[in-house]
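Undergrad: Can you keep this structure in mind? I'll have questions shortly.
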Amino acid sequence: MDQKGRLFIVSTPIGNLQDITQRALRVLSEVEAIACEDTRQTVKLLNAFGLKKRLISYFQPRESQKIPLIMSILEQGKDIALVSDAGTPGISDPGFPLIRAAIERRIQVVPIPGPSALTAALSASGLPTHRVLFLGFPPAKRSGLKNFLQEVAEEEATLVFFLPMRKFIRFVEVAREIFGPREVVLAREITKVHEEFIRGNLDNLTLKVTEDRLRGEATLIVKGR
């Protein structure tokens with residue numbers, strides 16, 4: 001039986017390029033191709049470390065269109081690395097359909113651990129981490145967001161959200177209505193020059209966030225019930 005290739009799930013820096021691991025660099029240098037969320041972002045990373053590779057654009061919501069191509073390469077016995085723009089693929093980033101397809105075809109899936117906004121934010125938050133519920137990106141519309149938060153209002157675990165900062169104020173308003181004045185930590189620009197952890201509660205957090213901070217994405221951590 002022909003040996004199939006391996007699908008490497010490679011974590012990449014969420015800001016500071018020094019966070020990439022030696023193992024990640026070795027894998028990226030050895031694979032046949034790299035499936036990436038945004039080829040422009042991945043080229044910047046590869047250029048920083050003097051690497052050149054064939055890139056396959058693999059992004060939501062068109063992930064399924066590239067799976068046959070990627071599977072064909074893997075079936076030929078060649079390895080492929082999957083990366084997202086930053087952090088760990090598959091964690092609120094493209095990857096799940098491809099990983100499932102690989103598993104169904106008995107292709108070995110190999111994680112290359114590394115940077116993750118989820119664990120980085122939790123580790124420095126000062127909130128309980130023995131029990132955590134990761135909720136990813138919440139619904140965009142107010143009605144959907146309200147229902148979404150009501151479902152976890154009684155959850156005792158620390159709640160973790162990925163949040164576009166342009167939706168920060170509305171999110172906090174709805175969260176305060178449902179959760180009350182719970183303790184909260186906003187982690188933004190993690191590993192970057194302007195990294196900061198803004199701590200407070202759902203009553204006063206918006207007062208601590210100036211307008212110039214309302215861009216990009218951040219990790220918001222809310223204490224459980």
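Just so we're on the same page: first chain in the structure tokens is A, next is B, and so on; residues restart at 1 for each chain, and ligands are numbered from 1 in the order they show up.
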Determine, for each residue of region 204-224 of chain A having at least one atom at most 9 Å from an atom of region 159-174 of chain A, the closest pair of atoms and their separation in Å to one decimal, counting only C-alpha atoms; order by chain and ascending number, as a Markdown table.

TA:
| residue | atom | partner | partner_atom | distance |
| --- | --- | --- | --- | --- |
| A:Leu205 | CA | A:Val172 | CA | 7.9 |
| A:Thr206 | CA | A:Ile169 | CA | 6.5 |
| A:Arg213 | CA | A:Met165 | CA | 7.5 |
| A:Leu214 | CA | A:Met165 | CA | 4.8 |
| A:Arg215 | CA | A:Met165 | CA | 5.0 |
| A:Gly216 | CA | A:Met165 | CA | 5.8 |
| A:Glu217 | CA | A:Pro164 | CA | 4.3 |
| A:Ala218 | CA | A:Leu163 | CA | 5.3 |
| A:Thr219 | CA | A:Phe162 | CA | 4.7 |
| A:Leu220 | CA | A:Phe161 | CA | 5.1 |
| A:Ile221 | CA | A:Val160 | CA | 4.6 |
| A:Val222 | CA | A:Leu159 | CA | 5.0 |
| A:Lys223 | CA | A:Leu159 | CA | 6.3 |
| A:Gly224 | CA | A:Leu159 | CA | 6.3 |

Undergrad: Can I get the selection written as a PDB file, in the first residue's frame, with C-alpha atoms?

TA:
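What ended up in out30.pdb:
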ATOM      1  CA  LEU A 205     -15.084  48.130  31.284  1.00  0.00           C
ATOM      2  CA  THR A 206     -16.275  50.376  28.448  1.00  0.00           C
ATOM      3  CA  ARG A 213      -8.639  50.797  20.835  1.00  0.00           C
ATOM      4  CA  LEU A 214     -11.824  49.892  18.946  1.00  0.00           C
ATOM      5  CA  ARG A 215     -10.107  48.152  16.042  1.00  0.00           C
ATOM      6  CA  GLY A 216      -8.741  44.701  15.336  1.00  0.00           C
ATOM      7  CA  GLU A 217      -9.726  41.673  17.361  1.00  0.00           C
ATOM      8  CA  ALA A 218      -9.333  40.905  21.048  1.00  0.00           C
ATOM      9  CA  THR A 219      -9.973  38.151  23.561  1.00  0.00           C
ATOM     10  CA  LEU A 220     -12.599  38.855  26.207  1.00  0.00           C
ATOM     11  CA  ILE A 221     -12.701  36.729  29.348  1.00  0.00           C
ATOM     12  CA  VAL A 222     -15.712  36.795  31.676  1.00  0.00           C
ATOM     13  CA  LYS A 223     -15.821  35.206  35.102  1.00  0.00           C
ATOM     14  CA  GLY A 224     -18.375  32.409  35.426  1.00  0.00           C
TER      15      GLY A 224
END

Undergrad: Considering only C-alpha atoms, can you say which of A:Val10, A:Leu133, A:Val209, A:Val193 comes closest to Glu156 (chain A)?

TA: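 Of A:Val10, A:Leu133, A:Val209, A:Val193, the one nearest Glu156 (chain A) is A:Leu133, counting only C-alpha atoms.
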
Undergrad: Nearest residue to Gln60 (chain A) out of A:Pro97, A:Pro181, A:Gly87, A:Gly77, using only C-alpha atoms?

TA: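 Of A:Pro97, A:Pro181, A:Gly87, A:Gly77, the one nearest Gln60 (chain A) is A:Pro97, counting only C-alpha atoms.
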
Undergrad: From a DSSP pass on the backbone, collect the residues of region 68-188 of chain A flagged as strand (DSSP E or B) and hand them back as a ChimeraX atom specification.

TA: /A:80-83,87,108-112,132-134,158-164,183-188

Undergrad: Fewer than 3 positions away in the same chain doesn't count, so skip those; otherwise give me all residues within 9 Å of Gln150 (chain A), counting only C-alpha atoms, as an NGL selection string.

TA: :A and (145-147 or 153-154 or 175 or 178-179)

Undergrad: Using only C-alpha atoms, determine which residues lie at most 10 Å from region 34-49 of chain A, disregarding the query and same-chain residues fewer than 5 positions distant; provide the list as a PyMOL selection string.

TA: chain A and resi 7-10+12-13+17+20+25+27-29+54-60+63+66-67+70+79-86+89+93-95+98

Undergrad: The selected residues should be written to file as an mmCIF file, in the first residue's frame (atoms: N, CA and C atoms).

TA:
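Now in result_35.cif:
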data_model
loop_
_atom_site.group_PDB
_atom_site.id
_atom_site.type_symbol
_atom_site.label_atom_id
_atom_site.label_comp_id
_atom_site.auth_asym_id
_atom_site.auth_seq_id
_atom_site.Cartn_x
_atom_site.Cartn_y
_atom_site.Cartn_z
ATOM 1 N N LEU A 7 -0.833 15.519 7.297
ATOM 2 C CA LEU A 7 -1.361 16.873 7.390
ATOM 3 C C LEU A 7 -0.898 17.465 8.719
ATOM 4 N N PHE A 8 -0.037 18.470 8.642
ATOM 5 C CA PHE A 8 0.482 19.117 9.844
ATOM 6 C C PHE A 8 -0.355 20.357 10.170
ATOM 7 N N ILE A 9 -0.818 20.455 11.398
ATOM 8 C CA ILE A 9 -1.571 21.622 11.852
ATOM 9 C C ILE A 9 -0.585 22.523 12.578
ATOM 10 N N VAL A 10 -0.132 23.563 11.900
ATOM 11 C CA VAL A 10 1.009 24.354 12.383
ATOM 12 C C VAL A 10 0.540 25.687 12.984
ATOM 13 N N THR A 12 1.115 29.384 14.234
ATOM 14 C CA THR A 12 2.011 30.478 13.847
ATOM 15 C C THR A 12 1.812 31.665 14.788
ATOM 16 N N PRO A 13 2.767 32.593 14.855
ATOM 17 C CA PRO A 13 2.694 33.705 15.806
ATOM 18 C C PRO A 13 1.410 34.525 15.687
ATOM 19 N N LEU A 17 6.894 37.559 15.993
ATOM 20 C CA LEU A 17 7.444 36.474 15.170
ATOM 21 C C LEU A 17 8.399 35.565 15.941
ATOM 22 N N ILE A 20 7.400 31.789 17.065
ATOM 23 C CA ILE A 20 7.325 30.578 16.253
ATOM 24 C C ILE A 20 8.327 29.560 16.794
ATOM 25 N N LEU A 25 9.081 25.785 12.097
ATOM 26 C CA LEU A 25 9.909 26.217 10.971
ATOM 27 C C LEU A 25 10.421 25.016 10.175
ATOM 28 N N VAL A 27 9.003 22.033 9.903
ATOM 29 C CA VAL A 27 7.890 21.442 9.160
ATOM 30 C C VAL A 27 7.537 22.287 7.944
ATOM 31 N N LEU A 28 7.466 23.608 8.119
ATOM 32 C CA LEU A 28 7.133 24.492 7.003
ATOM 33 C C LEU A 28 8.180 24.405 5.895
ATOM 34 N N SER A 29 9.409 24.140 6.263
ATOM 35 C CA SER A 29 10.470 24.049 5.262
ATOM 36 C C SER A 29 10.465 22.714 4.519
ATOM 37 N N ARG A 54 5.137 26.355 -2.049
ATOM 38 C CA ARG A 54 3.878 26.438 -2.777
ATOM 39 C C ARG A 54 2.763 26.703 -1.767
ATOM 40 N N LEU A 55 1.926 27.704 -2.065
ATOM 41 C CA LEU A 55 0.831 28.057 -1.174
ATOM 42 C C LEU A 55 -0.511 27.724 -1.817
ATOM 43 N N ILE A 56 -1.419 27.175 -1.015
ATOM 44 C CA ILE A 56 -2.773 26.866 -1.452
ATOM 45 C C ILE A 56 -3.731 27.701 -0.605
ATOM 46 N N SER A 57 -4.466 28.589 -1.237
ATOM 47 C CA SER A 57 -5.409 29.430 -0.505
ATOM 48 C C SER A 57 -6.536 28.568 0.060
ATOM 49 N N TYR A 58 -6.724 28.656 1.365
ATOM 50 C CA TYR A 58 -7.728 27.823 2.030
ATOM 51 C C TYR A 58 -8.428 28.679 3.078
ATOM 52 N N PHE A 59 -9.599 29.212 2.732
ATOM 53 C CA PHE A 59 -10.247 30.166 3.630
ATOM 54 C C PHE A 59 -11.751 29.939 3.680
ATOM 55 N N GLN A 60 -12.356 30.410 4.761
ATOM 56 C CA GLN A 60 -13.814 30.352 4.895
ATOM 57 C C GLN A 60 -14.426 31.410 3.991
ATOM 58 N N GLU A 63 -13.824 26.692 1.932
ATOM 59 C CA GLU A 63 -12.874 25.639 2.286
ATOM 60 C C GLU A 63 -13.086 24.366 1.467
ATOM 61 N N LYS A 66 -11.255 23.577 -1.934
ATOM 62 C CA LYS A 66 -9.835 23.236 -2.015
ATOM 63 C C LYS A 66 -9.505 21.869 -1.404
ATOM 64 N N ILE A 67 -10.477 21.268 -0.720
ATOM 65 C CA ILE A 67 -10.208 19.977 -0.077
ATOM 66 C C ILE A 67 -9.801 18.898 -1.084
ATOM 67 N N ILE A 70 -6.095 19.365 -1.981
ATOM 68 C CA ILE A 70 -5.218 19.045 -0.854
ATOM 69 C C ILE A 70 -5.190 17.539 -0.601
ATOM 70 N N ASP A 79 3.498 15.595 2.119
ATOM 71 C CA ASP A 79 3.003 16.267 3.322
ATOM 72 C C ASP A 79 2.521 17.681 3.013
ATOM 73 N N ILE A 80 1.517 18.114 3.792
ATOM 74 C CA ILE A 80 0.991 19.474 3.683
ATOM 75 C C ILE A 80 0.867 20.067 5.083
ATOM 76 N N ALA A 81 1.189 21.350 5.184
ATOM 77 C CA ALA A 81 0.988 22.078 6.439
ATOM 78 C C ALA A 81 -0.229 22.984 6.300
ATOM 79 N N LEU A 82 -1.032 23.028 7.344
ATOM 80 C CA LEU A 82 -2.170 23.943 7.397
ATOM 81 C C LEU A 82 -1.844 25.052 8.387
ATOM 82 N N VAL A 83 -1.968 26.300 7.950
ATOM 83 C CA VAL A 83 -1.761 27.441 8.848
ATOM 84 C C VAL A 83 -2.932 28.408 8.700
ATOM 85 N N SER A 84 -3.174 29.182 9.741
ATOM 86 C CA SER A 84 -4.123 30.287 9.649
ATOM 87 C C SER A 84 -3.328 31.584 9.638
ATOM 88 N N ASP A 85 -4.009 32.711 9.609
ATOM 89 C CA ASP A 85 -3.284 33.983 9.589
ATOM 90 C C ASP A 85 -2.447 34.170 10.850
ATOM 91 N N ALA A 86 -2.952 33.661 11.966
ATOM 92 C CA ALA A 86 -2.250 33.784 13.239
ATOM 93 C C ALA A 86 -2.822 32.783 14.227
ATOM 94 N N PRO A 89 -4.555 26.827 13.842
ATOM 95 C CA PRO A 89 -5.636 26.542 12.891
ATOM 96 C C PRO A 89 -6.742 25.699 13.527
ATOM 97 N N ASP A 93 -10.847 29.384 13.409
ATOM 98 C CA ASP A 93 -10.153 29.698 12.164
ATOM 99 C C ASP A 93 -10.388 28.536 11.199
ATOM 100 N N PRO A 94 -10.147 28.720 9.915
ATOM 101 C CA PRO A 94 -10.345 27.622 8.962
ATOM 102 C C PRO A 94 -9.547 26.384 9.350
ATOM 103 N N GLY A 95 -10.090 25.221 9.040
ATOM 104 C CA GLY A 95 -9.355 23.993 9.310
ATOM 105 C C GLY A 95 -10.221 22.784 9.577
ATOM 106 N N LEU A 98 -11.222 20.378 6.612
ATOM 107 C CA LEU A 98 -10.046 19.708 6.053
ATOM 108 C C LEU A 98 -9.538 18.618 6.998
#

Undergrad: May I have all residues of region 44-222 of chain A that DSSP, computed from the backbone, assigns to helix (DSSP H, G or I), given as a ChimeraX atom specification?

TA: /A:44-48,63-75,96-104,117-125,142-150,165-179,205-208,211-213

Undergrad: Nearest to Ile190 (chain A): which of A:Ala101, A:Ile91, A:Val31, A:Ala124 is it, counting only C-alpha atoms?

TA: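 So, comparing all the options, the nearest one is A:Ala124.
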
Undergrad: Given only C-alpha atoms as the basis, pick out the residue of A:Leu69, A:Val110, A:Leu149, A:Ala157 nearest to Phe134 (chain A).

TA: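 Residue with the minimum atom-to-atom distance to Phe134 (chain A): A:Ala157.
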
Undergrad: Would you please work out which residue, of A:Glu195, A:Asp19, A:Glu189, A:Glu32, is nearest to Pro115 (chain A) when using only C-alpha atoms?

TA: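 For Pro115 (chain A), the nearest of the given residues is A:Asp19.
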
Undergrad: Rank A:Arg225, A:Arg6, A:Arg176, A:Lys208 by their smallest atom-to-atom distance to Arg105 (chain A), using only C-alpha atoms, and report the top residue only.

TA: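 Among the listed residues, A:Arg6 lies closest to Arg105 (chain A).
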